[in-house]
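Worksheet: the structure to be examined is printed underneath.
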Amino acid sequence: MSRSMKALVTAEGNTAVVSHVLLPEPGPNEIRVKVHAVALNPVDGIFVAHPPAGPKGRVVGSDIAGTVEKVGNQVSQWKVGDRVAGFLQGANTATDRPGGFAEYALLEEDLSIRVPERVSLEEAATYPVCSLTAAEALFINLQINSPFPSPFSFPPIKNDHVPSILIYSGTTSVGLFAISLAKLLKTPSGQPYRVFATASPKNRTKLLNLGAEAVFDYRSPTWPKELRALSGGIDYALDCISEDESVARISQTFGPAGGKIVILLKGTWNKEGIRPDVIPVYQVAWSGLGYEIEYMGATLPVSPSWRSFTVAFNKFLSEAAVQGHDTFPIPPNPVRLMEGGLERIVPDGFGLLGQGKVADRKAPEGLRPVSAEKLVYII
């Protein structure tokens with residue numbers, strides 16, 4: 001077997017190029033994955049255009065799916081040929097750990113997701129970063145008890161109260177997974193949580209079919225008032241865009257007790273107009289990997305409990321395959337299969353996702369904008 005492989009790596013000029021790099025060797029508790037599909041996240045392109053300090057030539061990319069090609073000498077959960085998905089840091093920090101946009105990638109065995117037979121590897125690649133982000137928001141930062149065993153436990157809700165959850169920008173990857181996860185929640189008396197979302201009118205039916213009780217047009221100036229009237233006041237909120245007036249407008253939907261909004265970006269949203277009893281809480285998925293990470297100008301400390309949560313959540317997803325079920329307990333993002341493999345990720349994929357605000361995205365010539373879907377490339 002060749003000792004080199006093709007990979008998308010950082011390069012001079014704040015871009016990335018396809019190059020040959022050394023084939024990674026798995027450590028004792030790692031598996032080497034023959035990558036079949038990669039899914040793009042906005043952060044992948046952002047940290048190519050705005051790289052952290054460190055040498056060029058580092059492999060970029062986060063979400064991958066493929067088959068196990070080699071296992072470390074202490075690995076017990078995986079064997080060669082198993083179908084697997086997972087995510088890596090993708091050159092978004094100053095450490096030298098490589099990302100996943102390559103012919104082969106390394107995953108830690110307990111941070112990997114087993115893929116059920118009826119789920120394609122292209123679909124499986126949509127899960128790792130964004131499904132975990134949604135789960136961390138709901139079941140750690142918003143302090144909702146998860147529908148699976150977790151290292152985090154919170155006081156139960158009152159038996160006679162049916163909580164309401166708002167997923168702002170429900171057609172993002174995180175938003176789609178958050179709606180699906182929220183629909184698994186029930187009160188102690190067995191009543192389902194109420195789930196609301198915002199989206200453009202063209203995607204309203206899609207989110208209703210996914211399980212949202214009502215979907216509001218985020219462009220309407222009256223949607224916060226309408227949502228508060230319908231829900232009686234939101235209890236929990238996840239802002240999947242975190243731009244401009246989004247946090248302030250979401251804060252107006254809460255009930256009299258206030259609450260927390262999980263936000264996924266820093267510095268892109270206005271702080272004016274936010275209700276004083278509603279607290280924005282910043283979150284990134286990388287905390288679930290168990291490393292100290294430099295991210296967006298801040299250092300995220302090692303968090304063993306967050307890593308344990310990632311293990312628990314991936315086990316929740318993987319149990320479908322272990323128990324012989326054909327699909328995951330929550331549906332994948334709709335896949336938009338892109339052409340050209342590694343060579344077209346930068347001009348097409350990163351071009352579509354942009355390098356900043358969603359509102360500033362401009363599709364490259366000949367490509368339609370991204371809407372309620374995940375960009376996936378076959379490697």
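By convention in this document, the chains of the structure tokens carry letters A, B, ... by their order, each chain's residues are numbered from 1, and ligands are numbered from 1 in the order they are shown.
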
Contacts of range 304-313 of chain A within 12 Å, only C-alpha atoms, excl. fewer than 5 positions in-chain, as an MDAnalysis selection string: chainID A and resid 86:87 108:114 127:129 131:137 139:141 146:153 181 283:292 318:319 328:330

Residues near Ser242 in chain A, cut-off 6 Å, only C-alpha atoms, skip fewer than 4 positions along chain, as a VMD selection string: chain A and resid 246 263 265 269

Do a neighbour search on Ala320 in chain A at 12 Å with only C-alpha atoms, toss out local chain neighbours closer than 4 positions, and write the hits as a ChimeraX atom specification. /A:113-119,314-316,324-330

Output the selection as a JSON list (two decimals), in the first residue's frame - N, CA and C atoms for each residue.
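And here's out-v3.json as it stands now:
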[["chain", "number", "residue", "atom", "x", "y", "z"],
["A", 113, "ILE", "N", -19.16, 6.77, 14.84],
["A", 113, "ILE", "CA", -20.58, 6.41, 14.73],
["A", 113, "ILE", "C", -20.72, 5.23, 13.78],
["A", 114, "ARG", "N", -21.40, 4.18, 14.24],
["A", 114, "ARG", "CA", -21.65, 3.01, 13.39],
["A", 114, "ARG", "C", -22.85, 3.30, 12.48],
["A", 115, "VAL", "N", -22.69, 3.02, 11.19],
["A", 115, "VAL", "CA", -23.70, 3.40, 10.20],
["A", 115, "VAL", "C", -24.61, 2.22, 9.88],
["A", 116, "PRO", "N", -25.93, 2.37, 10.07],
["A", 116, "PRO", "CA", -26.87, 1.29, 9.72],
["A", 116, "PRO", "C", -26.87, 0.99, 8.23],
["A", 117, "GLU", "N", -27.32, -0.20, 7.88],
["A", 117, "GLU", "CA", -27.19, -0.68, 6.51],
["A", 117, "GLU", "C", -27.99, 0.14, 5.50],
["A", 118, "ARG", "N", -29.14, 0.63, 5.87],
["A", 118, "ARG", "CA", -29.98, 1.35, 4.91],
["A", 118, "ARG", "C", -29.63, 2.84, 4.81],
["A", 119, "VAL", "N", -28.65, 3.27, 5.58],
["A", 119, "VAL", "CA", -28.17, 4.65, 5.50],
["A", 119, "VAL", "C", -26.95, 4.68, 4.59],
["A", 314, "ASN", "N", -23.00, 9.49, 20.39],
["A", 314, "ASN", "CA", -22.64, 8.60, 19.29],
["A", 314, "ASN", "C", -23.10, 7.17, 19.53],
["A", 315, "LYS", "N", -23.10, 6.76, 20.79],
["A", 315, "LYS", "CA", -23.64, 5.43, 21.12],
["A", 315, "LYS", "C", -25.13, 5.39, 20.84],
["A", 316, "PHE", "N", -25.83, 6.45, 21.18],
["A", 316, "PHE", "CA", -27.26, 6.56, 20.89],
["A", 316, "PHE", "C", -27.53, 6.41, 19.39],
["A", 324, "GLY", "N", -29.57, -3.92, 14.92],
["A", 324, "GLY", "CA", -30.12, -4.44, 13.67],
["A", 324, "GLY", "C", -31.14, -3.57, 12.99],
["A", 325, "HIS", "N", -31.31, -2.32, 13.48],
["A", 325, "HIS", "CA", -32.24, -1.42, 12.81],
["A", 325, "HIS", "C", -31.62, -0.87, 11.54],
["A", 326, "ASP", "N", -32.45, -0.48, 10.59],
["A", 326, "ASP", "CA", -31.95, -0.07, 9.28],
["A", 326, "ASP", "C", -31.55, 1.39, 9.21],
["A", 327, "THR", "N", -32.05, 2.22, 10.10],
["A", 327, "THR", "CA", -31.81, 3.66, 10.02],
["A", 327, "THR", "C", -31.45, 4.23, 11.38],
["A", 328, "PHE", "N", -30.93, 5.45, 11.39],
["A", 328, "PHE", "CA", -30.65, 6.16, 12.63],
["A", 328, "PHE", "C", -31.96, 6.60, 13.29],
["A", 329, "PRO", "N", -31.93, 6.92, 14.59],
["A", 329, "PRO", "CA", -33.16, 7.36, 15.27],
["A", 329, "PRO", "C", -33.64, 8.73, 14.84],
["A", 330, "ILE", "N", -32.80, 9.50, 14.17],
["A", 330, "ILE", "CA", -33.21, 10.78, 13.58],
["A", 330, "ILE", "C", -32.78, 10.78, 12.12]]

Which residues come within 12 Å of Lys202 in chain A, counting only C-alpha atoms, excluding same-chain residues fewer than 2 positions away, as number ranges by chain? A: 171, 198-200, 204-208, 215-218, 371-372

So which residues of range 154-356 of chain A fall under strand (DSSP E or B) by DSSP, listed as a PDB file with C-alpha atoms, in the first residue's frame?
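What landed in result-v2.pdb:
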ATOM      1  CA  SER A 164     -41.845  25.036  23.977  1.00  0.00           C
ATOM      2  CA  ILE A 165     -38.615  25.042  21.956  1.00  0.00           C
ATOM      3  CA  LEU A 166     -37.731  27.469  19.169  1.00  0.00           C
ATOM      4  CA  ILE A 167     -35.261  26.415  16.485  1.00  0.00           C
ATOM      5  CA  TYR A 168     -34.328  29.615  14.677  1.00  0.00           C
ATOM      6  CA  LYS A 186     -41.766  14.063  26.240  1.00  0.00           C
ATOM      7  CA  PRO A 192     -44.504  15.778  23.492  1.00  0.00           C
ATOM      8  CA  ARG A 194     -43.893  21.820  21.421  1.00  0.00           C
ATOM      9  CA  VAL A 195     -41.370  22.576  18.676  1.00  0.00           C
ATOM     10  CA  PHE A 196     -41.410  25.759  16.605  1.00  0.00           C
ATOM     11  CA  ALA A 197     -39.084  26.959  13.857  1.00  0.00           C
ATOM     12  CA  THR A 198     -38.331  29.812  11.528  1.00  0.00           C
ATOM     13  CA  ALA A 199     -37.540  29.451   7.826  1.00  0.00           C
ATOM     14  CA  ALA A 214     -45.577  25.836  13.297  1.00  0.00           C
ATOM     15  CA  VAL A 215     -43.007  27.543  11.073  1.00  0.00           C
ATOM     16  CA  PHE A 216     -42.648  31.330  10.938  1.00  0.00           C
ATOM     17  CA  ASP A 217     -41.236  33.457   8.144  1.00  0.00           C
ATOM     18  CA  ILE A 234     -40.927  30.057  24.537  1.00  0.00           C
ATOM     19  CA  TYR A 236     -35.844  27.233  25.160  1.00  0.00           C
ATOM     20  CA  ALA A 237     -34.220  28.573  21.978  1.00  0.00           C
ATOM     21  CA  LEU A 238     -31.405  27.604  19.631  1.00  0.00           C
ATOM     22  CA  ASP A 239     -30.190  30.249  17.171  1.00  0.00           C
ATOM     23  CA  ASP A 244     -27.595  40.668  13.075  1.00  0.00           C
ATOM     24  CA  PHE A 254     -39.788  34.044  25.653  1.00  0.00           C
ATOM     25  CA  GLY A 259     -34.393  31.886  29.644  1.00  0.00           C
ATOM     26  CA  LYS A 260     -31.353  31.053  27.501  1.00  0.00           C
ATOM     27  CA  ILE A 261     -30.595  31.171  23.791  1.00  0.00           C
ATOM     28  CA  VAL A 262     -27.789  28.971  22.494  1.00  0.00           C
ATOM     29  CA  ILE A 263     -25.784  30.837  19.855  1.00  0.00           C
ATOM     30  CA  TRP A 269     -25.095  39.434  16.119  1.00  0.00           C
ATOM     31  CA  VAL A 278     -32.748  36.214  28.278  1.00  0.00           C
ATOM     32  CA  ILE A 279     -29.114  35.072  28.256  1.00  0.00           C
ATOM     33  CA  PRO A 280     -27.163  34.157  25.094  1.00  0.00           C
ATOM     34  CA  VAL A 281     -24.920  31.116  25.633  1.00  0.00           C
ATOM     35  CA  TYR A 282     -22.089  30.498  23.156  1.00  0.00           C
ATOM     36  CA  ILE A 293      -8.815  23.916  21.149  1.00  0.00           C
ATOM     37  CA  GLU A 294      -8.072  27.413  19.900  1.00  0.00           C
ATOM     38  CA  TYR A 295     -11.205  28.636  18.167  1.00  0.00           C
ATOM     39  CA  ALA A 298     -10.529  31.940  22.250  1.00  0.00           C
ATOM     40  CA  THR A 299      -9.096  28.842  23.901  1.00  0.00           C
ATOM     41  CA  LEU A 300     -11.629  26.130  24.721  1.00  0.00           C
ATOM     42  CA  VAL A 335     -27.954  15.318   0.590  1.00  0.00           C
ATOM     43  CA  ARG A 336     -26.908  17.517  -2.301  1.00  0.00           C
ATOM     44  CA  LEU A 337     -24.297  15.422  -4.066  1.00  0.00           C
ATOM     45  CA  MET A 338     -21.610  17.613  -5.582  1.00  0.00           C
TER      46      MET A 338
END

Contacts of Glu365 in chain A at 12 Å (only C-alpha atoms; same-chain gap of 5+ positions) as number ranges by chain: A: 347-348, 351-352

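Taking CA of Ile144 in chain A as the reference point, CA of Leu264 in chain A is found at 18.0 Å.
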
Counting only C-alpha atoms, figure out which residue out of A:Asn73, A:Gly211, A:Thr10, A:Asn159 gets nearest to Ala178 in chain A. A:Gly211

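Taking only C-alpha atoms into account, Glu373 in chain A lies nearest to A:Ala39 out of the set A:Val322, A:Ile250, A:Leu317, A:Ala39.
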
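Residue nearest Gly232 in chain A, chosen from A:Val247, A:Ala257, A:Ala212, A:Val17 and counting only C-alpha atoms: A:Ala257.
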
Skip Val33 in chain A itself and residues of its chain fewer than 6 positions away, then list as a VMD selection string all residues within 7 Å of it, counting only C-alpha atoms. chain A and resid 66 to 69 104 to 106

Okay, now the selection with N, CA and C atoms, as a PDB file, in the first residue's frame?
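Written out: part14.pdb:
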ATOM      1  N   GLY A  66     -17.087   6.496   5.860  1.00  0.00           N
ATOM      2  CA  GLY A  66     -16.375   5.538   5.028  1.00  0.00           C
ATOM      3  C   GLY A  66     -16.359   4.166   5.674  1.00  0.00           C
ATOM      4  N   THR A  67     -15.317   3.415   5.400  1.00  0.00           N
ATOM      5  CA  THR A  67     -15.175   2.074   5.969  1.00  0.00           C
ATOM      6  C   THR A  67     -13.857   1.953   6.712  1.00  0.00           C
ATOM      7  N   VAL A  68     -13.864   1.143   7.750  1.00  0.00           N
ATOM      8  CA  VAL A  68     -12.652   0.932   8.536  1.00  0.00           C
ATOM      9  C   VAL A  68     -11.650   0.144   7.699  1.00  0.00           C
ATOM     10  N   GLU A  69     -10.447   0.697   7.567  1.00  0.00           N
ATOM     11  CA  GLU A  69      -9.403   0.053   6.759  1.00  0.00           C
ATOM     12  C   GLU A  69      -8.300  -0.548   7.621  1.00  0.00           C
ATOM     13  N   TYR A 104      -7.861   9.059   3.322  1.00  0.00           N
ATOM     14  CA  TYR A 104      -7.908   8.302   4.578  1.00  0.00           C
ATOM     15  C   TYR A 104      -7.899   9.293   5.739  1.00  0.00           C
ATOM     16  N   ALA A 105      -8.510   8.894   6.860  1.00  0.00           N
ATOM     17  CA  ALA A 105      -8.548   9.750   8.046  1.00  0.00           C
ATOM     18  C   ALA A 105      -8.573   8.880   9.290  1.00  0.00           C
ATOM     19  N   LEU A 106      -8.142   9.455  10.407  1.00  0.00           N
ATOM     20  CA  LEU A 106      -8.133   8.747  11.685  1.00  0.00           C
ATOM     21  C   LEU A 106      -9.272   9.223  12.575  1.00  0.00           C
TER      22      LEU A 106
END

Which polymer residues have any atom within 9 Å of an atom of Thr126 in chain A, counting only C-alpha atoms, with same-chain residues fewer than 3 positions away left out, as a PyMOL selection string? chain A and resi 38-40+63-65+85+121-123+129-131+173+332-335+374-376

Got time to write the residues from that selection, C-alpha atoms, as a PDB file, in the first residue's frame?
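Dumped to selection-v3.pdb:
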ATOM      1  CA  VAL A  38     -17.294  14.170   3.149  1.00  0.00           C
ATOM      2  CA  ALA A  39     -19.925  16.740   4.103  1.00  0.00           C
ATOM      3  CA  LEU A  40     -19.205  20.448   4.211  1.00  0.00           C
ATOM      4  CA  ASP A  63     -17.350  15.459   8.588  1.00  0.00           C
ATOM      5  CA  ILE A  64     -16.488  12.114   7.014  1.00  0.00           C
ATOM      6  CA  ALA A  65     -17.986   8.675   6.392  1.00  0.00           C
ATOM      7  CA  ALA A  85     -18.850   8.199  10.358  1.00  0.00           C
ATOM      8  CA  LEU A 121     -22.364   6.786   3.458  1.00  0.00           C
ATOM      9  CA  GLU A 122     -23.281  10.050   1.756  1.00  0.00           C
ATOM     10  CA  GLU A 123     -26.163  10.462   4.218  1.00  0.00           C
ATOM     11  CA  VAL A 129     -20.665  17.805  13.596  1.00  0.00           C
ATOM     12  CA  CYS A 130     -24.167  19.205  13.267  1.00  0.00           C
ATOM     13  CA  SER A 131     -26.183  16.477  14.977  1.00  0.00           C
ATOM     14  CA  SER A 173     -28.017  21.445   9.140  1.00  0.00           C
ATOM     15  CA  PRO A 332     -30.173  12.637   7.877  1.00  0.00           C
ATOM     16  CA  ASN A 333     -29.932  16.030   6.279  1.00  0.00           C
ATOM     17  CA  PRO A 334     -31.076  16.012   2.650  1.00  0.00           C
ATOM     18  CA  VAL A 335     -27.954  15.318   0.590  1.00  0.00           C
ATOM     19  CA  LYS A 374     -26.004  19.376   3.007  1.00  0.00           C
ATOM     20  CA  LEU A 375     -23.229  19.572   0.424  1.00  0.00           C
ATOM     21  CA  VAL A 376     -21.558  16.165   0.082  1.00  0.00           C
TER      22      VAL A 376
END

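Distances to Ser231 in chain A were evaluated for A:Gly267, A:Pro163, A:Thr172, A:Arg219 using only C-alpha atoms, and the minimum falls at A:Pro163.
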
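Distances here use only C-alpha atoms; by that measure, the residue among A:Gly72, A:Leu176, A:Gly349, A:Asp235 closest to Gln143 in chain A is A:Asp235.
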
Can you check which residues of range 93-335 of chain A DSSP gives as alpha helix (DSSP H) on the backbone and send them as a VMD selection string? chain A and resid 121 to 124 128 to 136 173 to 182 204 to 210 223 to 231 246 to 251 304 to 322

Written file, previous selection with C-alpha atoms, as an mmCIF file, in the first residue's frame:
data_model
loop_
_atom_site.group_PDB
_atom_site.id
_atom_site.type_symbol
_atom_site.label_atom_id
_atom_site.label_comp_id
_atom_site.auth_asym_id
_atom_site.auth_seq_id
_atom_site.Cartn_x
_atom_site.Cartn_y
_atom_site.Cartn_z
ATOM 1 C CA LEU A 121 -22.364 6.786 3.458
ATOM 2 C CA GLU A 122 -23.281 10.050 1.756
ATOM 3 C CA GLU A 123 -26.163 10.462 4.218
ATOM 4 C CA ALA A 124 -24.021 9.315 7.143
ATOM 5 C CA PRO A 128 -21.277 14.090 12.939
ATOM 6 C CA VAL A 129 -20.665 17.805 13.596
ATOM 7 C CA CYS A 130 -24.167 19.205 13.267
ATOM 8 C CA SER A 131 -26.183 16.477 14.977
ATOM 9 C CA LEU A 132 -23.779 16.704 17.925
ATOM 10 C CA THR A 133 -24.058 20.504 17.931
ATOM 11 C CA ALA A 134 -27.846 20.220 18.140
ATOM 12 C CA ALA A 135 -27.611 17.639 20.920
ATOM 13 C CA GLU A 136 -25.109 19.706 22.927
ATOM 14 C CA SER A 173 -28.017 21.445 9.140
ATOM 15 C CA VAL A 174 -28.030 22.015 12.911
ATOM 16 C CA GLY A 175 -31.637 23.197 12.761
ATOM 17 C CA LEU A 176 -32.878 20.113 10.932
ATOM 18 C CA PHE A 177 -31.215 17.811 13.463
ATOM 19 C CA ALA A 178 -32.426 19.928 16.397
ATOM 20 C CA ILE A 179 -36.059 19.679 15.292
ATOM 21 C CA SER A 180 -35.741 15.895 14.983
ATOM 22 C CA LEU A 181 -34.109 15.558 18.398
ATOM 23 C CA ALA A 182 -36.646 17.871 20.037
ATOM 24 C CA ARG A 204 -42.285 25.706 5.594
ATOM 25 C CA THR A 205 -43.857 22.404 4.511
ATOM 26 C CA LYS A 206 -40.544 20.581 4.829
ATOM 27 C CA LEU A 207 -40.195 21.583 8.480
ATOM 28 C CA LEU A 208 -43.820 20.835 9.266
ATOM 29 C CA ASN A 209 -43.314 17.352 7.862
ATOM 30 C CA LEU A 210 -40.185 16.992 10.001
ATOM 31 C CA TRP A 223 -43.125 36.709 13.780
ATOM 32 C CA PRO A 224 -41.815 37.063 17.387
ATOM 33 C CA LYS A 225 -45.152 38.450 18.549
ATOM 34 C CA GLU A 226 -47.080 35.766 16.634
ATOM 35 C CA LEU A 227 -44.937 32.967 18.070
ATOM 36 C CA ARG A 228 -45.251 34.241 21.629
ATOM 37 C CA ALA A 229 -49.031 34.421 21.243
ATOM 38 C CA LEU A 230 -49.253 30.880 19.864
ATOM 39 C CA SER A 231 -46.820 29.264 22.297
ATOM 40 C CA SER A 246 -31.592 37.256 15.353
ATOM 41 C CA VAL A 247 -30.741 37.016 19.067
ATOM 42 C CA ALA A 248 -32.717 40.128 19.970
ATOM 43 C CA ARG A 249 -35.774 39.002 18.035
ATOM 44 C CA ILE A 250 -35.652 35.510 19.532
ATOM 45 C CA SER A 251 -35.482 37.028 23.023
ATOM 46 C CA PRO A 304 -14.010 15.446 29.996
ATOM 47 C CA SER A 305 -17.767 15.665 30.627
ATOM 48 C CA TRP A 306 -18.422 17.092 27.158
ATOM 49 C CA ARG A 307 -16.304 14.344 25.614
ATOM 50 C CA SER A 308 -18.279 11.781 27.618
ATOM 51 C CA PHE A 309 -21.449 13.316 26.216
ATOM 52 C CA THR A 310 -20.111 12.867 22.661
ATOM 53 C CA VAL A 311 -19.451 9.206 23.423
ATOM 54 C CA ALA A 312 -22.988 8.821 24.810
ATOM 55 C CA PHE A 313 -24.606 10.592 21.860
ATOM 56 C CA ASN A 314 -22.636 8.604 19.287
ATOM 57 C CA LYS A 315 -23.638 5.431 21.119
ATOM 58 C CA PHE A 316 -27.265 6.561 20.888
ATOM 59 C CA LEU A 317 -26.883 6.960 17.125
ATOM 60 C CA SER A 318 -24.877 3.744 16.743
ATOM 61 C CA GLU A 319 -27.310 1.549 18.668
ATOM 62 C CA ALA A 320 -29.564 1.449 15.619
ATOM 63 C CA ALA A 321 -26.931 -0.501 13.708
ATOM 64 C CA VAL A 322 -25.902 -2.573 16.742
#

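Between Gly340 in chain A and the candidates A:Ala37, A:Ile378, A:Ala363, A:Ala7, the tightest atom-to-atom separation, counting only C-alpha atoms, involves A:Ile378.
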
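Note that CA of Gln74 in chain A and CA of Gly27 in chain A are 8.6 Å apart.
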